[in-house]
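Below is upload-v4.cif, which holds mmCIF, C-alpha atoms and all ligand atoms.
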data_coords
#
loop_
_atom_site.group_PDB
_atom_site.id
_atom_site.type_symbol
_atom_site.label_atom_id
_atom_site.label_comp_id
_atom_site.auth_asym_id
_atom_site.auth_seq_id
_atom_site.Cartn_x
_atom_site.Cartn_y
_atom_site.Cartn_z
ATOM 1 C CA MET A 65 -2.274 -13.176 -21.458
ATOM 2 C CA ALA A 66 -2.885 -15.951 -18.991
ATOM 3 C CA LEU A 67 -5.536 -17.099 -16.610
ATOM 4 C CA ARG A 68 -4.551 -16.781 -12.964
ATOM 5 C CA ASN A 69 -5.747 -18.856 -10.048
ATOM 6 C CA ILE A 70 -8.381 -17.180 -7.899
ATOM 7 C CA VAL A 71 -7.671 -17.092 -4.162
ATOM 8 C CA THR A 72 -10.707 -18.113 -2.119
ATOM 9 C CA ASP A 73 -11.886 -16.890 1.250
ATOM 10 C CA GLU A 74 -10.530 -19.684 3.400
ATOM 11 C CA ASP A 75 -7.129 -18.141 2.649
ATOM 12 C CA PRO A 76 -6.220 -15.346 5.145
ATOM 13 C CA PHE A 77 -4.312 -13.663 2.289
ATOM 14 C CA LEU A 78 -7.562 -11.950 1.272
ATOM 15 C CA LYS A 79 -7.633 -10.116 4.619
ATOM 16 C CA LYS A 80 -4.390 -8.280 3.845
ATOM 17 C CA LYS A 81 -4.169 -4.671 2.744
ATOM 18 C CA SER A 82 -2.741 -3.996 -0.713
ATOM 19 C CA ARG A 83 0.041 -1.508 -1.450
ATOM 20 C CA PRO A 84 -0.258 1.345 -3.959
ATOM 21 C CA VAL A 85 1.243 1.064 -7.425
ATOM 22 C CA THR A 86 4.130 3.523 -7.671
ATOM 23 C CA GLU A 87 5.035 2.952 -11.314
ATOM 24 C CA ILE A 88 3.278 1.386 -14.301
ATOM 25 C CA THR A 89 5.675 -1.394 -15.238
ATOM 26 C CA ASP A 90 5.294 -4.265 -17.718
ATOM 27 C CA ARG A 91 4.533 -6.413 -14.717
ATOM 28 C CA ILE A 92 1.529 -4.238 -13.852
ATOM 29 C CA ARG A 93 0.341 -4.224 -17.485
ATOM 30 C CA THR A 94 0.527 -8.015 -17.601
ATOM 31 C CA LEU A 95 -1.263 -8.251 -14.258
ATOM 32 C CA VAL A 96 -4.134 -6.116 -15.585
ATOM 33 C CA GLU A 97 -4.387 -8.139 -18.828
ATOM 34 C CA ASP A 98 -4.438 -11.374 -16.863
ATOM 35 C CA MET A 99 -7.038 -10.037 -14.415
ATOM 36 C CA ILE A 100 -9.341 -9.062 -17.306
ATOM 37 C CA GLU A 101 -8.954 -12.489 -18.868
ATOM 38 C CA THR A 102 -9.478 -14.260 -15.530
ATOM 39 C CA MET A 103 -12.580 -12.166 -14.709
ATOM 40 C CA ARG A 104 -14.143 -12.830 -18.117
ATOM 41 C CA ASP A 105 -13.323 -16.536 -18.007
ATOM 42 C CA ALA A 106 -15.113 -16.777 -14.640
ATOM 43 C CA ASP A 107 -18.116 -14.716 -15.875
ATOM 44 C CA GLY A 108 -17.340 -12.065 -13.273
ATOM 45 C CA VAL A 109 -18.111 -8.351 -13.342
ATOM 46 C CA GLY A 110 -15.024 -7.363 -11.381
ATOM 47 C CA ILE A 111 -11.836 -8.650 -9.827
ATOM 48 C CA ALA A 112 -9.148 -7.181 -7.582
ATOM 49 C CA ALA A 113 -5.422 -7.978 -7.597
ATOM 50 C CA PRO A 114 -5.406 -9.731 -4.183
ATOM 51 C CA GLN A 115 -7.873 -12.239 -5.637
ATOM 52 C CA VAL A 116 -5.128 -13.389 -7.995
ATOM 53 C CA GLY A 117 -2.494 -13.332 -5.258
ATOM 54 C CA VAL A 118 -1.022 -9.853 -5.775
ATOM 55 C CA LEU A 119 -1.210 -7.277 -2.962
ATOM 56 C CA ARG A 120 -1.329 -4.203 -5.199
ATOM 57 C CA ARG A 121 -4.068 -1.579 -5.425
ATOM 58 C CA VAL A 122 -5.336 -2.670 -8.841
ATOM 59 C CA ALA A 123 -8.869 -3.705 -9.797
ATOM 60 C CA VAL A 124 -10.902 -4.157 -12.951
ATOM 61 C CA VAL A 125 -14.656 -3.792 -13.309
ATOM 62 C CA GLU A 126 -16.702 -4.657 -16.373
ATOM 63 C CA VAL A 127 -20.339 -3.622 -16.389
ATOM 64 C CA GLU A 128 -21.116 -2.486 -19.945
ATOM 65 C CA ASP A 129 -17.793 -0.597 -19.972
ATOM 66 C CA LEU A 130 -14.427 -1.914 -18.839
ATOM 67 C CA TYR A 131 -12.731 0.072 -16.072
ATOM 68 C CA VAL A 132 -9.105 -0.388 -15.023
ATOM 69 C CA LEU A 133 -8.639 1.077 -11.551
ATOM 70 C CA ILE A 134 -5.115 1.669 -10.310
ATOM 71 C CA ASN A 135 -4.791 3.189 -6.823
ATOM 72 C CA PRO A 136 -8.543 3.902 -6.764
ATOM 73 C CA VAL A 137 -9.958 6.220 -4.092
ATOM 74 C CA ILE A 138 -13.637 6.974 -3.666
ATOM 75 C CA THR A 139 -13.900 10.738 -3.244
ATOM 76 C CA GLU A 140 -17.684 11.150 -3.241
ATOM 77 C CA MET A 141 -20.586 8.866 -2.546
ATOM 78 C CA GLU A 142 -24.307 9.304 -2.177
ATOM 79 C CA GLY A 143 -27.477 7.311 -1.734
ATOM 80 C CA ASP A 144 -28.089 3.806 -0.484
ATOM 81 C CA GLN A 145 -28.897 0.620 -2.366
ATOM 82 C CA PHE A 146 -29.258 -2.834 -0.860
ATOM 83 C CA ASN A 147 -28.628 -5.633 -3.328
ATOM 84 C CA GLU A 148 -27.340 -9.166 -3.334
ATOM 85 C CA GLU A 149 -23.642 -9.599 -4.103
ATOM 86 C CA ALA A 150 -21.433 -12.541 -4.811
ATOM 87 C CA CYS A 151 -17.681 -12.848 -5.243
ATOM 88 C CA LEU A 152 -15.364 -15.041 -7.292
ATOM 89 C CA SER A 153 -13.412 -15.620 -4.063
ATOM 90 C CA VAL A 154 -16.499 -16.695 -2.109
ATOM 91 C CA PRO A 155 -17.928 -19.570 -4.128
ATOM 92 C CA GLY A 156 -21.387 -20.811 -3.240
ATOM 93 C CA ARG A 157 -22.573 -17.833 -1.184
ATOM 94 C CA ALA A 158 -24.348 -14.544 -1.769
ATOM 95 C CA GLY A 159 -25.505 -11.800 0.569
ATOM 96 C CA LYS A 160 -27.204 -8.428 0.603
ATOM 97 C CA VAL A 161 -24.970 -5.409 1.180
ATOM 98 C CA HIS A 162 -25.705 -1.696 1.579
ATOM 99 C CA ARG A 163 -23.763 0.390 -0.953
ATOM 100 C CA PRO A 164 -23.995 3.965 -2.234
ATOM 101 C CA THR A 165 -26.042 4.449 -5.414
ATOM 102 C CA ARG A 166 -23.444 6.746 -6.940
ATOM 103 C CA VAL A 167 -19.709 7.123 -6.409
ATOM 104 C CA VAL A 168 -16.918 9.252 -7.789
ATOM 105 C CA CYS A 169 -13.610 7.413 -7.993
ATOM 106 C CA GLU A 170 -10.218 8.945 -8.642
ATOM 107 C CA CYS A 171 -7.527 6.606 -9.916
ATOM 108 C CA MET A 172 -4.744 6.180 -12.451
ATOM 109 C CA ASP A 173 -4.993 4.502 -15.838
ATOM 110 C CA LEU A 174 -2.487 2.160 -17.490
ATOM 111 C CA ASP A 175 -0.644 5.138 -18.981
ATOM 112 C CA GLY A 176 -0.155 6.570 -15.504
ATOM 113 C CA ASN A 177 -2.636 9.400 -16.139
ATOM 114 C CA PRO A 178 -5.143 10.482 -13.504
ATOM 115 C CA GLN A 179 -8.750 9.495 -14.206
ATOM 116 C CA VAL A 180 -12.052 10.346 -12.571
ATOM 117 C CA HIS A 181 -14.994 7.968 -12.967
ATOM 118 C CA GLU A 182 -18.513 8.824 -11.865
ATOM 119 C CA VAL A 183 -20.636 5.663 -11.776
ATOM 120 C CA GLU A 184 -24.050 4.577 -10.545
ATOM 121 C CA GLY A 185 -26.111 1.477 -9.872
ATOM 122 C CA LEU A 186 -24.449 -1.906 -10.325
ATOM 123 C CA THR A 187 -21.226 -0.263 -11.494
ATOM 124 C CA ALA A 188 -21.046 1.697 -8.227
ATOM 125 C CA VAL A 189 -21.561 -1.558 -6.295
ATOM 126 C CA CYS A 190 -18.712 -3.181 -8.208
ATOM 127 C CA PHE A 191 -16.350 -0.261 -7.610
ATOM 128 C CA CYS A 192 -17.042 -0.411 -3.844
ATOM 129 C CA HIS A 193 -16.790 -4.215 -3.715
ATOM 130 C CA GLU A 194 -13.456 -4.294 -5.577
ATOM 131 C CA ILE A 195 -11.943 -1.381 -3.642
ATOM 132 C CA ASP A 196 -12.932 -3.174 -0.414
ATOM 133 C CA HIS A 197 -10.812 -6.138 -1.572
ATOM 134 C CA LEU A 198 -7.786 -3.812 -1.652
ATOM 135 C CA ASP A 199 -8.341 -3.184 2.063
ATOM 136 C CA GLY A 200 -8.807 -6.852 2.895
ATOM 137 C CA ILE A 201 -12.589 -6.584 3.180
ATOM 138 C CA LEU A 202 -14.943 -9.159 1.671
ATOM 139 C CA PHE A 203 -18.672 -8.700 1.041
ATOM 140 C CA THR A 204 -19.258 -11.375 3.689
ATOM 141 C CA ASP A 205 -17.778 -8.950 6.276
ATOM 142 C CA LYS A 206 -20.588 -6.483 5.493
ATOM 143 C CA ALA A 207 -23.467 -8.590 4.241
ATOM 144 C CA GLU A 208 -26.778 -9.301 5.841
ATOM 145 C CA GLU A 209 -28.759 -12.403 4.959
ATOM 146 C CA ILE A 210 -25.903 -14.499 3.573
ATOM 147 C CA ARG A 211 -27.282 -17.537 1.774
ATOM 148 C CA SER A 212 -25.999 -20.574 -0.075
ATOM 149 C CA THR A 213 -26.249 -20.337 -3.852
ATOM 150 C CA GLU A 214 -25.321 -23.945 -4.465
ATOM 151 C CA LEU A 215 -28.890 -24.902 -5.279
ATOM 152 C CA ASP A 216 -29.453 -21.971 -7.642
ATOM 153 C CA GLY A 217 -30.408 -23.146 -11.091
ATOM 154 C CA GLU A 218 -28.419 -20.575 -12.997
ATOM 155 C CA GLU A 219 -25.063 -18.959 -12.529
ATOM 156 C CA GLU A 220 -24.958 -15.383 -11.360
ATOM 157 C CA ASP A 221 -22.466 -12.700 -12.142
ATOM 158 C CA GLU A 222 -19.797 -12.674 -9.507
ATOM 159 C CA GLU A 223 -17.422 -9.930 -8.480
HETATM 160 NI NI NI B 1 -15.099 -10.016 -4.796
#
What does this structure look like when you write it as structure tokens?
Ligand code: NI
Amino acid sequence: MALRNIVTDEDPFLKKKSRPVTEITDRIRTLVEDMIETMRDADGVGIAAPQVGVLRRVAVVEVEDLYVLINPVITEMEGDQFNEEACLSVPGRAGKVHRPTRVVCECMDLDGNPQVHEVEGLTAVCFCHEIDHLDGILFTDKAEEIRSTELDGEEEDEE
């Protein structure tokens, strides 16, 4: 496992759309391991492959449980929540974003098997935030009330 560099939002790379994974190769397994390590090292609750410079539809989320999302698609959503988000690729800023309160996500796991996750609350926010990254969308594209967090006394979880 290895830490990877996190791409930040001044880089237009983050605006690109990621391509689906067609086969679970050793390269994909290593990517996922490295993303988990990089997310944890940065005290994040999620990270998407484009944030480590790889345009593949892969994301990991860790809120209580660890989720590995390969080719994730949100198939159901309901409700509305409006909470502040941050992002490992957007240092020093946070902003409030509307997200569903519950989502159902279909994806593939690291064995290539189909998975369905039904998640709520913060986990649902993280799923939406990370899947947005795969389409080149940052929370700052959707947020209201973006503010600087540079003067915050404590570090927040970042996605
Ligand atoms: Ni993010």
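Comparing A:Pro114, A:Gly108, A:Pro84, A:Gly143 by their smallest distance to Glu126 in chain A, the closest is A:Gly108 (using all atoms listed in the file).
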Given a cut-off of 8 Å, what residues near ligand NI 1 (chain B) show up using all atoms listed in the file, put as number ranges by chain? A: 110-112, 115, 150-154, 193-194, 197, 202-203, 222-223
Could you tell me which residues the PyMOL selection byres (((chain A and resi 158-169) around 6) and not hetatm) returns for this structure, as a VMD selection string? chain A and resid 137 to 150 157 170 180 to 185 188 207 to 211
To verify the selection step, state as a ChimeraX atom specification which residues the PyMOL selection byres (((chain A and resi 117-123) around 9) and not hetatm) yields on this input. /A:68-71,77-78,80-85,92,95-96,99,110-116,124-125,131-136,191,194-195,197-199
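Every protein or nucleic acid residue with an atom no more than 8 Å from range 87-89 of chain A, counting only C-alpha atoms and leaving out same-chain residues fewer than 3 positions away, appears here: A:Ile92, A:Arg93, A:Leu174, A:Asp175, A:Gly176.
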Can you work out the spacing between CA of Met103 in chain A and CA of Thr86 in chain A in Å, to one decimal?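 A separation of 24.0 Å between them.
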Rounded to one decimal, what separation in Å do you get between CA of Arg91 in chain A and CA of Glu128 in chain A?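 Taking CA of Arg91 in chain A and CA of Glu128 in chain A, their separation equals 26.5 Å.
Between CA of Ala66 in chain A and CA of Ile100 in chain A the interatomic distance comes to 9.6 Å.
Take the candidates A:Thr204, A:Pro155, A:Ser212, A:Leu186 and check each one against Ala106 in chain A using all atoms listed in the file; the shortest distance goes to A:Pro155.
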Min atom-atom distance to Leu67 in chain A from the set A:Thr94, A:Cys192, A:Lys79, A:Glu101, counting all atoms listed in the file, belongs to A:Glu101
